[in-house]
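Colleague: Structure file structure_22.cif (mmCIF, C-alpha atoms) is given on the next line.
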```
data_entry
#
loop_
_atom_site.label_atom_id
_atom_site.label_comp_id
_atom_site.auth_asym_id
_atom_site.auth_seq_id
_atom_site.Cartn_x
_atom_site.Cartn_y
_atom_site.Cartn_z
CA MET V 120 -10.12 -13.65 -18.00
CA THR V 121 -10.65 -14.21 -14.27
CA ILE V 122 -7.34 -14.44 -12.42
CA HIS V 123 -6.74 -14.54 -8.67
CA LEU V 124 -3.63 -12.86 -7.28
CA VAL V 125 -2.13 -12.65 -3.80
CA GLN V 126 0.70 -10.62 -2.36
CA ILE V 127 3.05 -12.40 0.04
CA GLY V 128 6.06 -11.43 2.12
CA ASN V 129 8.66 -13.08 4.34
CA GLY V 130 9.90 -10.05 6.27
CA SER V 131 12.74 -9.19 3.93
CA SER V 132 11.20 -9.56 0.49
CA ARG V 133 7.82 -9.76 -1.15
CA ARG V 134 6.21 -11.37 -4.18
CA VAL V 135 3.05 -11.48 -6.24
CA ALA V 136 1.62 -14.94 -6.96
CA ILE V 137 -1.18 -16.29 -9.08
CA VAL V 138 -3.54 -18.72 -7.33
CA GLU V 139 -3.54 -22.21 -8.83
CA GLU V 140 -5.27 -24.15 -6.05
CA PRO V 141 -3.84 -25.64 -3.95
CA TYR V 142 -0.67 -23.85 -5.00
CA LEU V 143 0.64 -20.36 -5.55
CA ARG V 144 2.77 -19.70 -8.62
CA CYS V 145 5.05 -16.72 -8.06
CA LEU V 146 5.48 -14.07 -10.70
CA THR V 147 8.92 -12.99 -11.80
CA GLU V 148 10.03 -9.38 -12.21
CA ALA V 149 7.26 -7.98 -9.99
CA GLU V 150 7.04 -7.35 -6.24
CA SER V 151 3.61 -5.71 -6.06
CA ILE V 152 0.31 -5.56 -7.88
CA TYR V 153 0.71 -1.79 -7.87
CA GLU V 154 3.87 -2.22 -9.93
CA LEU V 155 2.06 -4.51 -12.37
CA ALA V 156 -0.82 -2.07 -12.78
CA GLY V 157 1.62 0.78 -13.39
CA ARG V 158 3.34 -1.21 -16.11
CA CYS V 159 0.00 -1.76 -17.82
CA LEU V 160 -0.75 1.97 -17.69
CA HIS V 161 2.55 2.76 -19.39
CA GLY V 162 2.40 -0.06 -21.94
CA GLU V 163 -0.11 -1.86 -24.09
CA ASP V 164 -0.41 -5.13 -22.15
CA LYS V 165 -3.61 -5.99 -20.37
CA LEU V 166 -3.13 -6.91 -16.72
CA SER V 167 -4.25 -10.51 -17.25
CA GLU V 168 -1.81 -10.91 -20.17
CA LEU V 169 1.07 -9.44 -18.20
CA VAL V 170 0.39 -11.67 -15.19
CA LEU V 171 0.31 -14.83 -17.29
CA ALA V 172 3.51 -13.82 -19.08
CA LEU V 173 5.31 -13.50 -15.72
CA ALA V 174 3.78 -16.57 -14.03
CA HIS V 175 6.75 -18.91 -14.25
CA GLY V 176 8.37 -18.48 -10.84
CA GLU V 177 8.57 -20.67 -7.73
CA ILE V 178 5.54 -22.77 -6.75
CA LEU V 179 4.45 -22.56 -3.10
CA ASP V 180 1.99 -24.54 -0.97
CA TYR V 181 -1.01 -22.22 -0.56
CA ASP V 182 -2.31 -24.22 2.41
CA ALA V 183 0.91 -23.60 4.32
CA VAL V 184 0.92 -19.88 3.51
CA TYR V 185 -2.76 -19.53 4.44
CA ALA V 186 -2.29 -21.48 7.69
CA GLY V 187 0.68 -19.32 8.70
CA ILE V 188 3.18 -22.19 8.80
CA SER V 189 5.24 -21.07 5.81
CA GLU V 190 8.09 -18.58 5.80
CA TRP V 191 5.79 -16.56 3.53
CA HIS V 192 2.69 -14.82 4.88
CA LEU V 193 -0.22 -13.14 3.16
CA LEU V 194 -0.14 -9.39 2.67
CA ALA V 195 -3.08 -7.18 1.77
CA PRO V 196 -3.87 -7.84 -1.91
CA ILE V 197 -3.20 -4.20 -2.81
CA ASP V 198 -0.96 -1.48 -1.41
CA VAL V 199 1.32 1.33 -2.54
CA PRO V 200 4.68 0.10 -1.24
CA GLY V 201 6.38 2.72 0.89
CA LYS V 202 3.66 5.30 0.26
CA PRO V 203 0.44 4.27 2.06
CA SER V 204 -0.89 7.83 1.85
CA ARG V 205 -1.29 7.31 -1.90
CA MET V 206 -4.20 4.93 -1.17
CA LEU V 207 -7.70 6.28 -0.46
CA ILE V 208 -10.15 3.92 1.29
CA THR V 209 -13.81 4.82 0.92
CA GLY V 210 -17.19 3.19 0.61
CA THR V 211 -20.81 3.43 -0.34
CA GLY V 212 -23.70 2.68 2.01
CA LEU V 213 -27.41 1.97 1.63
CA THR V 214 -26.80 -0.04 -1.52
CA HIS V 215 -28.34 -3.31 -0.30
CA LEU V 216 -31.86 -3.92 1.01
CA GLY V 217 -30.52 -5.63 4.14
CA SER V 218 -28.33 -2.65 5.03
CA ALA V 219 -31.26 -0.27 4.64
CA LYS V 220 -33.39 -2.31 7.03
CA HIS V 221 -30.61 -2.40 9.63
CA ARG V 222 -29.97 1.32 9.27
CA GLN V 223 -33.69 2.12 9.55
CA ALA V 224 -33.93 0.12 12.76
CA MET V 225 -30.76 1.75 14.11
CA HIS V 226 -31.92 5.31 13.48
CA VAL V 227 -35.61 5.09 14.41
CA LYS V 228 -36.01 6.16 18.02
CA ASP V 229 -38.14 8.45 20.13
CA SER V 230 -40.98 7.92 17.68
CA PRO V 231 -44.51 7.10 18.89
CA LYS V 232 -44.90 4.87 15.83
CA PRO V 233 -41.40 3.66 15.00
CA ALA V 234 -42.65 1.12 12.47
CA GLU V 235 -44.07 3.97 10.40
CA ALA V 236 -41.17 6.38 10.82
CA VAL V 237 -39.10 7.04 7.71
CA THR V 238 -35.54 8.10 8.41
CA ASP V 239 -33.19 10.01 6.13
CA SER V 240 -31.38 6.71 5.59
CA MET V 241 -34.50 5.03 4.25
CA ARG V 242 -35.25 8.04 2.06
CA MET V 243 -31.78 7.84 0.55
CA PHE V 244 -32.20 4.10 -0.02
CA ARG V 245 -35.50 4.71 -1.81
CA TRP V 246 -33.86 7.34 -3.98
CA GLY V 247 -31.37 4.68 -4.95
CA LEU V 248 -34.18 2.32 -5.91
CA GLU V 249 -35.71 5.04 -8.06
CA GLY V 250 -32.57 6.46 -9.69
CA GLY V 251 -29.53 4.36 -8.91
CA ARG V 252 -29.56 2.28 -12.07
CA PRO V 253 -29.59 4.76 -14.97
CA VAL V 254 -29.63 3.69 -18.59
CA GLU V 255 -26.28 3.34 -20.33
CA GLY V 256 -24.57 6.69 -20.80
CA LYS V 257 -26.69 8.52 -18.22
CA ILE V 258 -25.88 9.65 -14.68
CA GLY V 259 -28.02 8.33 -11.83
CA ILE V 260 -28.64 9.66 -8.36
CA ALA V 261 -25.68 9.90 -5.98
CA PRO V 262 -25.38 7.21 -3.29
CA GLU V 263 -24.31 7.68 0.30
CA TRP V 264 -20.49 7.99 0.41
CA PHE V 265 -18.02 7.76 3.28
CA TYR V 266 -14.29 8.01 3.93
CA LYS V 267 -12.35 5.43 5.94
CA GLY V 268 -8.77 6.65 5.70
CA ASN V 269 -5.61 6.02 3.73
CA GLY V 270 -3.53 2.89 3.30
CA THR V 271 -2.35 2.95 6.92
CA MET V 272 -5.84 1.75 7.91
CA LEU V 273 -5.66 -1.41 5.78
CA ARG V 274 -4.80 -4.67 7.56
CA ARG V 275 -3.66 -7.89 5.96
CA PRO V 276 -5.62 -11.16 6.24
CA PHE V 277 -5.40 -12.72 9.73
CA GLU V 278 -4.21 -9.43 11.23
CA PRO V 279 -6.40 -8.03 14.06
CA LEU V 280 -8.88 -5.22 13.44
CA THR V 281 -8.77 -2.81 16.34
CA VAL V 282 -11.52 -1.38 18.51
CA PRO V 283 -9.73 1.78 19.78
CA ALA V 284 -9.97 2.88 23.39
CA TYR V 285 -12.11 5.86 22.35
CA ALA V 286 -14.57 3.69 20.38
CA GLU V 287 -17.96 2.42 21.47
CA ASP V 288 -17.59 -0.95 19.73
CA GLY V 289 -16.48 -2.60 16.50
CA GLY V 290 -18.37 -4.81 14.10
CA GLU V 291 -17.79 -6.59 10.82
CA GLU V 292 -19.18 -5.43 7.49
CA ALA V 293 -18.75 -8.14 4.89
CA GLU V 294 -18.45 -6.51 1.48
CA VAL V 295 -16.83 -6.67 -1.91
CA ALA V 296 -14.49 -3.79 -2.70
CA GLY V 297 -13.37 -2.39 -6.02
CA ILE V 298 -9.66 -1.68 -6.41
CA TYR V 299 -8.56 1.09 -8.78
CA ILE V 300 -5.53 3.03 -9.98
CA ILE V 301 -5.47 6.47 -11.57
CA GLY V 302 -3.61 6.86 -14.85
CA GLU V 303 -1.38 9.76 -15.87
CA ASP V 304 -4.30 11.29 -17.75
CA GLY V 305 -6.42 11.32 -14.58
CA ALA V 306 -8.62 8.45 -15.77
CA PRO V 307 -9.56 5.72 -13.25
CA TYR V 308 -8.84 2.08 -14.10
CA ARG V 309 -10.27 -0.90 -12.25
CA ILE V 310 -7.53 -3.35 -11.27
CA GLY V 311 -9.98 -5.87 -9.84
CA MET V 312 -12.11 -6.68 -6.82
CA ALA V 313 -11.60 -8.39 -3.48
CA ALA V 314 -13.60 -9.64 -0.54
CA GLY V 315 -13.43 -7.21 2.34
CA ASN V 316 -14.32 -6.50 5.95
CA GLU V 317 -15.12 -2.81 6.11
CA PHE V 318 -15.43 -2.84 9.94
CA SER V 319 -17.21 0.04 11.67
CA ASP V 320 -18.31 1.36 15.06
CA HIS V 321 -22.05 0.71 14.85
CA GLN V 322 -22.77 1.55 18.47
CA PHE V 323 -21.27 5.02 17.99
CA GLU V 324 -23.40 5.52 14.89
CA LYS V 325 -26.51 4.35 16.75
CA LEU V 326 -26.07 7.15 19.29
CA ASN V 327 -26.80 9.61 16.47
CA TYR V 328 -26.79 9.02 12.73
CA LEU V 329 -24.61 12.13 12.30
CA ASN V 330 -21.84 10.02 13.86
CA LEU V 331 -21.68 7.92 10.69
CA ALA V 332 -18.58 9.72 9.40
CA GLY V 333 -16.63 9.13 12.60
CA SER V 334 -17.83 5.55 12.94
CA LYS V 335 -16.14 4.66 9.65
CA LEU V 336 -12.66 5.84 10.68
CA ARG V 337 -11.51 2.38 11.66
CA THR V 338 -9.18 -0.31 10.37
CA CYS V 339 -10.38 -2.68 7.65
CA SER V 340 -9.14 -5.67 5.69
CA LEU V 341 -9.17 -7.13 2.17
CA GLY V 342 -8.43 -10.40 0.50
CA PRO V 343 -6.69 -12.63 0.66
CA GLU V 344 -7.12 -12.64 -3.13
CA LEU V 345 -7.51 -9.86 -5.68
CA VAL V 346 -9.69 -11.03 -8.55
CA ILE V 347 -9.05 -9.63 -12.01
CA ASP V 348 -12.25 -9.37 -14.08
CA ALA V 349 -14.43 -10.62 -11.21
CA GLU V 350 -18.05 -11.53 -11.90
CA PHE V 351 -20.22 -8.99 -10.06
CA GLY V 352 -23.70 -9.73 -11.36
CA ALA V 353 -24.99 -11.85 -8.46
CA VAL V 354 -22.56 -12.91 -5.72
CA THR V 355 -23.43 -15.15 -2.79
CA GLY V 356 -21.34 -15.46 0.32
CA GLN V 357 -21.27 -16.16 4.01
CA VAL V 358 -20.11 -14.21 7.03
CA LYS V 359 -19.61 -15.67 10.48
CA ILE V 360 -18.33 -14.78 13.94
CA GLN V 361 -16.35 -17.29 15.99
CA ARG V 362 -15.73 -17.10 19.71
CA GLY V 363 -13.24 -19.74 20.73
CA ALA V 364 -14.31 -22.99 19.08
CA GLU V 365 -17.94 -21.87 18.70
CA THR V 366 -19.58 -20.08 15.78
CA ILE V 367 -21.85 -17.62 17.58
CA TRP V 368 -23.39 -16.04 14.46
CA SER V 369 -23.44 -16.70 10.75
CA LYS V 370 -25.49 -15.60 7.79
CA THR V 371 -25.70 -16.15 4.06
CA ILE V 372 -25.15 -12.85 2.30
CA GLU V 373 -25.69 -11.57 -1.22
CA THR V 374 -24.08 -8.79 -3.17
CA GLY V 375 -23.46 -7.88 -6.78
CA GLU V 376 -25.50 -5.63 -9.02
CA ALA V 377 -28.52 -7.97 -8.99
CA ASN V 378 -28.82 -7.43 -5.23
CA MET V 379 -28.15 -3.69 -5.16
CA CYS V 380 -30.17 -0.57 -5.87
CA HIS V 381 -27.22 1.13 -7.60
CA SER V 382 -25.36 -0.11 -10.65
CA LEU V 383 -21.62 -0.53 -10.45
CA GLN V 384 -21.17 2.13 -13.12
CA ASN V 385 -23.21 4.61 -11.10
CA LEU V 386 -21.23 3.94 -7.91
CA GLU V 387 -17.96 4.35 -9.74
CA HIS V 388 -19.06 7.56 -11.48
CA HIS V 389 -20.10 9.24 -8.24
CA HIS V 390 -16.79 8.36 -6.58
CA PHE V 391 -14.51 9.42 -9.40
CA LYS V 392 -16.48 12.51 -10.45
CA PHE V 393 -14.52 14.43 -7.80
CA GLU V 394 -11.34 15.91 -9.25
CA GLY V 395 -9.43 15.13 -6.06
CA HIS V 396 -10.17 11.43 -6.60
CA ARG V 397 -8.38 11.40 -9.95
CA ARG V 398 -4.79 12.13 -8.93
CA PRO V 399 -2.36 10.17 -11.15
CA GLY V 400 -0.71 7.25 -9.39
CA ASP V 401 -3.19 7.00 -6.52
CA VAL V 402 -4.88 3.73 -5.59
CA HIS V 403 -8.52 3.64 -4.48
CA VAL V 404 -10.23 0.93 -2.46
CA HIS V 405 -14.00 1.41 -2.55
CA PHE V 406 -16.34 -0.79 -0.52
CA PHE V 407 -19.69 -1.42 -2.22
CA GLY V 408 -21.87 -1.96 0.86
CA ALA V 409 -23.01 -4.78 3.13
CA HIS V 410 -26.05 -7.05 3.07
CA SER V 411 -26.21 -8.02 6.76
CA LEU V 412 -24.44 -7.18 10.01
CA SER V 413 -24.12 -9.22 13.18
CA PHE V 414 -24.76 -5.95 15.05
CA GLY V 415 -28.21 -5.83 13.49
CA ASP V 416 -28.96 -9.18 15.15
CA GLY V 417 -27.81 -7.98 18.56
CA VAL V 418 -24.32 -9.50 18.53
CA ALA V 419 -21.62 -7.56 20.37
CA LEU V 420 -18.12 -8.59 19.32
CA ARG V 421 -15.48 -9.20 21.97
CA ASP V 422 -11.72 -9.21 22.18
CA ARG V 423 -10.23 -12.24 20.36
CA ASP V 424 -13.40 -13.04 18.41
CA TRP V 425 -12.74 -14.01 14.79
CA MET V 426 -14.61 -12.61 11.78
CA GLU V 427 -14.74 -14.57 8.55
CA VAL V 428 -15.96 -13.30 5.17
CA ARG V 429 -16.30 -15.48 2.10
CA PHE V 430 -17.80 -14.73 -1.32
CA GLU V 431 -18.25 -17.27 -4.10
CA GLY V 432 -15.77 -16.61 -6.86
CA PHE V 433 -13.45 -14.51 -4.66
CA GLY V 434 -11.18 -17.21 -3.32
CA ARG V 435 -10.37 -18.30 0.19
CA PRO V 436 -12.11 -16.72 3.20
CA LEU V 437 -10.88 -13.47 4.70
CA ARG V 438 -10.26 -13.94 8.42
CA ASN V 439 -9.41 -11.29 11.00
CA SER V 440 -9.56 -11.28 14.78
CA ILE V 441 -10.81 -8.51 17.04
CA GLN V 442 -8.43 -6.59 19.28
CA VAL V 443 -10.15 -4.38 21.87
CA GLU V 444 -8.07 -1.68 23.49
CA THR V 445 -8.79 -1.01 27.16
CA LYS V 446 -10.60 2.20 28.01
CA ASP V 447 -7.88 3.21 30.44
CA SER V 448 -5.47 3.46 27.51
CA ASP V 449 -7.47 6.36 26.06
CA ARG V 450 -5.53 9.59 26.34
CA LEU V 451 -5.97 13.26 25.65
CA ILE V 452 -4.37 14.42 22.41
CA GLN V 453 -2.91 17.86 22.93
CA VAL V 454 -1.94 20.25 20.17
CA ARG V 455 1.33 22.12 20.59
CA SER V 456 1.90 25.53 19.10
CA LEU V 457 4.70 26.41 16.72
CA ALA V 458 4.27 30.13 17.47
#
```
Before we go any further, please render this structure as structure tokens.

Modeller:
Amino acid sequence: MTIHLVQIGNGSSRRVAIVEEPYLRCLTEAESIYELAGRCLHGEDKLSELVLALAHGEILDYDAVYAGISEWHLLAPIDVPGKPSRMLITGTGLTHLGSAKHRQAMHVKDSPKPAEAVTDSMRMFRWGLEGGRPVEGKIGIAPEWFYKGNGTMLRRPFEPLTVPAYAEDGGEEAEVAGIYIIGEDGAPYRIGMAAGNEFSDHQFEKLNYLNLAGSKLRTCSLGPELVIDAEFGAVTGQVKIQRGAETIWSKTIETGEANMCHSLQNLEHHHFKFEGHRRPGDVHVHFFGAHSLSFGDGVALRDRDWMEVRFEGFGRPLRNSIQVETKDSDRLIQVRSLA
């Protein structure tokens, strides 16, 4: 059963609420989705059943919460309260045809015939086309994988995503992310999915494709809604960039297994095959890849621009502004000895 949940806070307390447009119905006896998922792991209730059993609390105006005029504000739709290091944020690239084209264009340079050059990125994408959708019960080829950080890098809806002083730039990556928890037996369980803005430093990556790992170590955002049992066959959405009152770029985007070269099962296997990714109690946020980037169309985001990501079936749009740190705030990090 498809259910949309949000997490909200007022500075002193927090709640989980089920979305019943245009209202939010608060759950009783639960302050976080992490708590709800843990209760399911230790009991026999399914998450959807537990949520519905607790959905008889206060009713709030979702419009007011979303607009920021309520005492309650939106939180990220998943966290590990008080222990952000127990969340691992990762992702998978080269899963969509659009991303492969952008990456190919980004990495082809110094070639006498750039149109004919085949980069390592395009080779990996083609491997995905050939072996990323194995038959049931079989293991397919591994996708590209990257690390973004722990829960301290996750920002709530409407909170700025930062371009650090040491960065070259920052750009949106509109994606759907899977949200998981690890059980006591080390088995991964999918809590649900959410719209996300993976946000990366594409200019840094363009300098050399070996910079990909460092380009991903940036803030990101999810939500505002976590969708239990989301449909992920074929998902259409839209991403846009606003500068002041003007929309300077927008594009229709597509995701879901029908638009990807890897199956969801294959992506999940190759993330959770690592023993270190199956530590009981940990939460995992895994981005499934982007279809299109404004950077690929020559758009350079500026301070105070707004990014908006919306996917059909995933609730209200995710909106975050850009906050660019000044270069003169960059500083040398010095290591002190304990000897």

Colleague: Pick the closest to Gly342 (chain V) from V:Leu155, V:Leu207, V:Ile197, V:Leu213: which is it, counting all atoms listed in the file?

Modeller: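 Of the candidates, the smallest distance to Gly342 (chain V) is held by V:Ile197.
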
Colleague: Would you please work out which residue, of V:Gly187, V:Pro200, V:Gly157, V:Pro279, is nearest to Arg134 (chain V) when using all atoms listed in the file?

Modeller: V:Pro200

Colleague: Return the single residue from V:Thr214, V:Thr366, V:Ser240, V:Thr338 that is closest to Ser411 (chain V), with distances computed using all atoms listed in the file.

Modeller: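 Smallest distance to Ser411 (chain V) is found for V:Thr214.
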
Colleague: On this structure, which residues satisfy the PyMOL selection byres ((chain V and resi 303-310) around 8), written as a list in words?

Modeller: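 Those residues are Ala156, Leu166, Gly297, Ile298, Tyr299, Ile300, Ile301, Gly302, Gly311, Met312, Ile347, Phe391, Arg397, Arg398, Pro399 and Gly400 of chain V.
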
Colleague: Can you write out the residues you just picked, keeping C-alpha atoms, as a PDB file, keeping the file's coordinate frame?

Modeller:
```pdb
ATOM      1  CA  ALA V 156      -0.820  -2.070 -12.780  1.00  0.00           C
ATOM      2  CA  LEU V 166      -3.130  -6.910 -16.720  1.00  0.00           C
ATOM      3  CA  GLY V 297     -13.370  -2.390  -6.020  1.00  0.00           C
ATOM      4  CA  ILE V 298      -9.660  -1.680  -6.410  1.00  0.00           C
ATOM      5  CA  TYR V 299      -8.560   1.090  -8.780  1.00  0.00           C
ATOM      6  CA  ILE V 300      -5.530   3.030  -9.980  1.00  0.00           C
ATOM      7  CA  ILE V 301      -5.470   6.470 -11.570  1.00  0.00           C
ATOM      8  CA  GLY V 302      -3.610   6.860 -14.850  1.00  0.00           C
ATOM      9  CA  GLY V 311      -9.980  -5.870  -9.840  1.00  0.00           C
ATOM     10  CA  MET V 312     -12.110  -6.680  -6.820  1.00  0.00           C
ATOM     11  CA  ILE V 347      -9.050  -9.630 -12.010  1.00  0.00           C
ATOM     12  CA  PHE V 391     -14.510   9.420  -9.400  1.00  0.00           C
ATOM     13  CA  ARG V 397      -8.380  11.400  -9.950  1.00  0.00           C
ATOM     14  CA  ARG V 398      -4.790  12.130  -8.930  1.00  0.00           C
ATOM     15  CA  PRO V 399      -2.360  10.170 -11.150  1.00  0.00           C
ATOM     16  CA  GLY V 400      -0.710   7.250  -9.390  1.00  0.00           C
TER      17      GLY V 400
END
```

Colleague: In terms of the shortest atom-to-atom distance over all atoms listed in the file, which of V:Trp425, V:Phe351, V:Phe277, V:Phe265 is closest to Leu329 (chain V)?

Modeller: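 Nearest candidate to Leu329 (chain V) out of V:Trp425, V:Phe351, V:Phe277, V:Phe265: V:Phe265.
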
Colleague: Would you mind reading off the distance between CA of Gly268 (chain V) and CA of Met206 (chain V), one decimal, in Å?

Modeller: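 About the pair CA of Gly268 (chain V) and CA of Met206 (chain V): they are 8.4 Å apart.
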
Colleague: Between CA of Pro196 (chain V) and CA of Trp368 (chain V), what is the distance, to one decimal in Å?

Modeller: 26.8 Å

Colleague: How would you write as a PyMOL selection string the residues that get within 9 Å of (-13.1, 1.8, 1.2) in the file's frame, counting all atoms listed in the file?

Modeller: chain V and resi 207-211+265-269+296-297+317+339+403-407

Colleague: Counting all atoms listed in the file, which residue out of V:Phe433, V:Phe244, V:Phe393, V:Tyr285 sits closest to Ala313 (chain V)?

Modeller: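 Of all the options, V:Phe433 lies closest to Ala313 (chain V).
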
Colleague: Around the point (-13.3, 6.8, 10.5), in the coordinates given by the file, pick out the residues reaching within 8 Å, counting all atoms listed in the file, and return them as a ChimeraX atom specification.

Modeller: /V:266-268,319,332-337

Colleague: On this structure, which residues satisfy the PyMOL selection byres ((chain V and resi 252) around 8), written as a ChimeraX atom specification?

Modeller: /V:247-251,253-254,259,380-382,385

Colleague: Step by step, work through what the PyMOL selection byres ((chain V and resi 142-149) around 10) selects in the shown file, and finish by giving those residues as a PyMOL selection string.

Modeller: chain V and resi 123-127+133-141+150-155+158+169-184

Colleague: Expressed in Å to a single decimal, how great is the separation between CA of Lys392 (chain V) and CA of Lys257 (chain V)?

Modeller: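 Going from CA of Lys392 (chain V) over to CA of Lys257 (chain V), I get 13.4 Å.
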
Colleague: Let me make sure I understand: among V:Glu444, V:Asp449, V:Glu292, V:Glu427, which one has the smallest atom-to-atom distance to Pro276 (chain V) if we use only C-alpha atoms?

Modeller: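 Checking each of V:Glu444, V:Asp449, V:Glu292, V:Glu427 against Pro276 (chain V), counting only C-alpha atoms, the winner is V:Glu427.
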
Colleague: Would you pick out the contacts of Ser448 (chain V) at 12 Å or less, using all atoms listed in the file, so that residues sharing its chain but fewer than 3 positions from it are not included, and give the list as a PyMOL selection string?

Modeller: chain V and resi 282-286+443-445+451
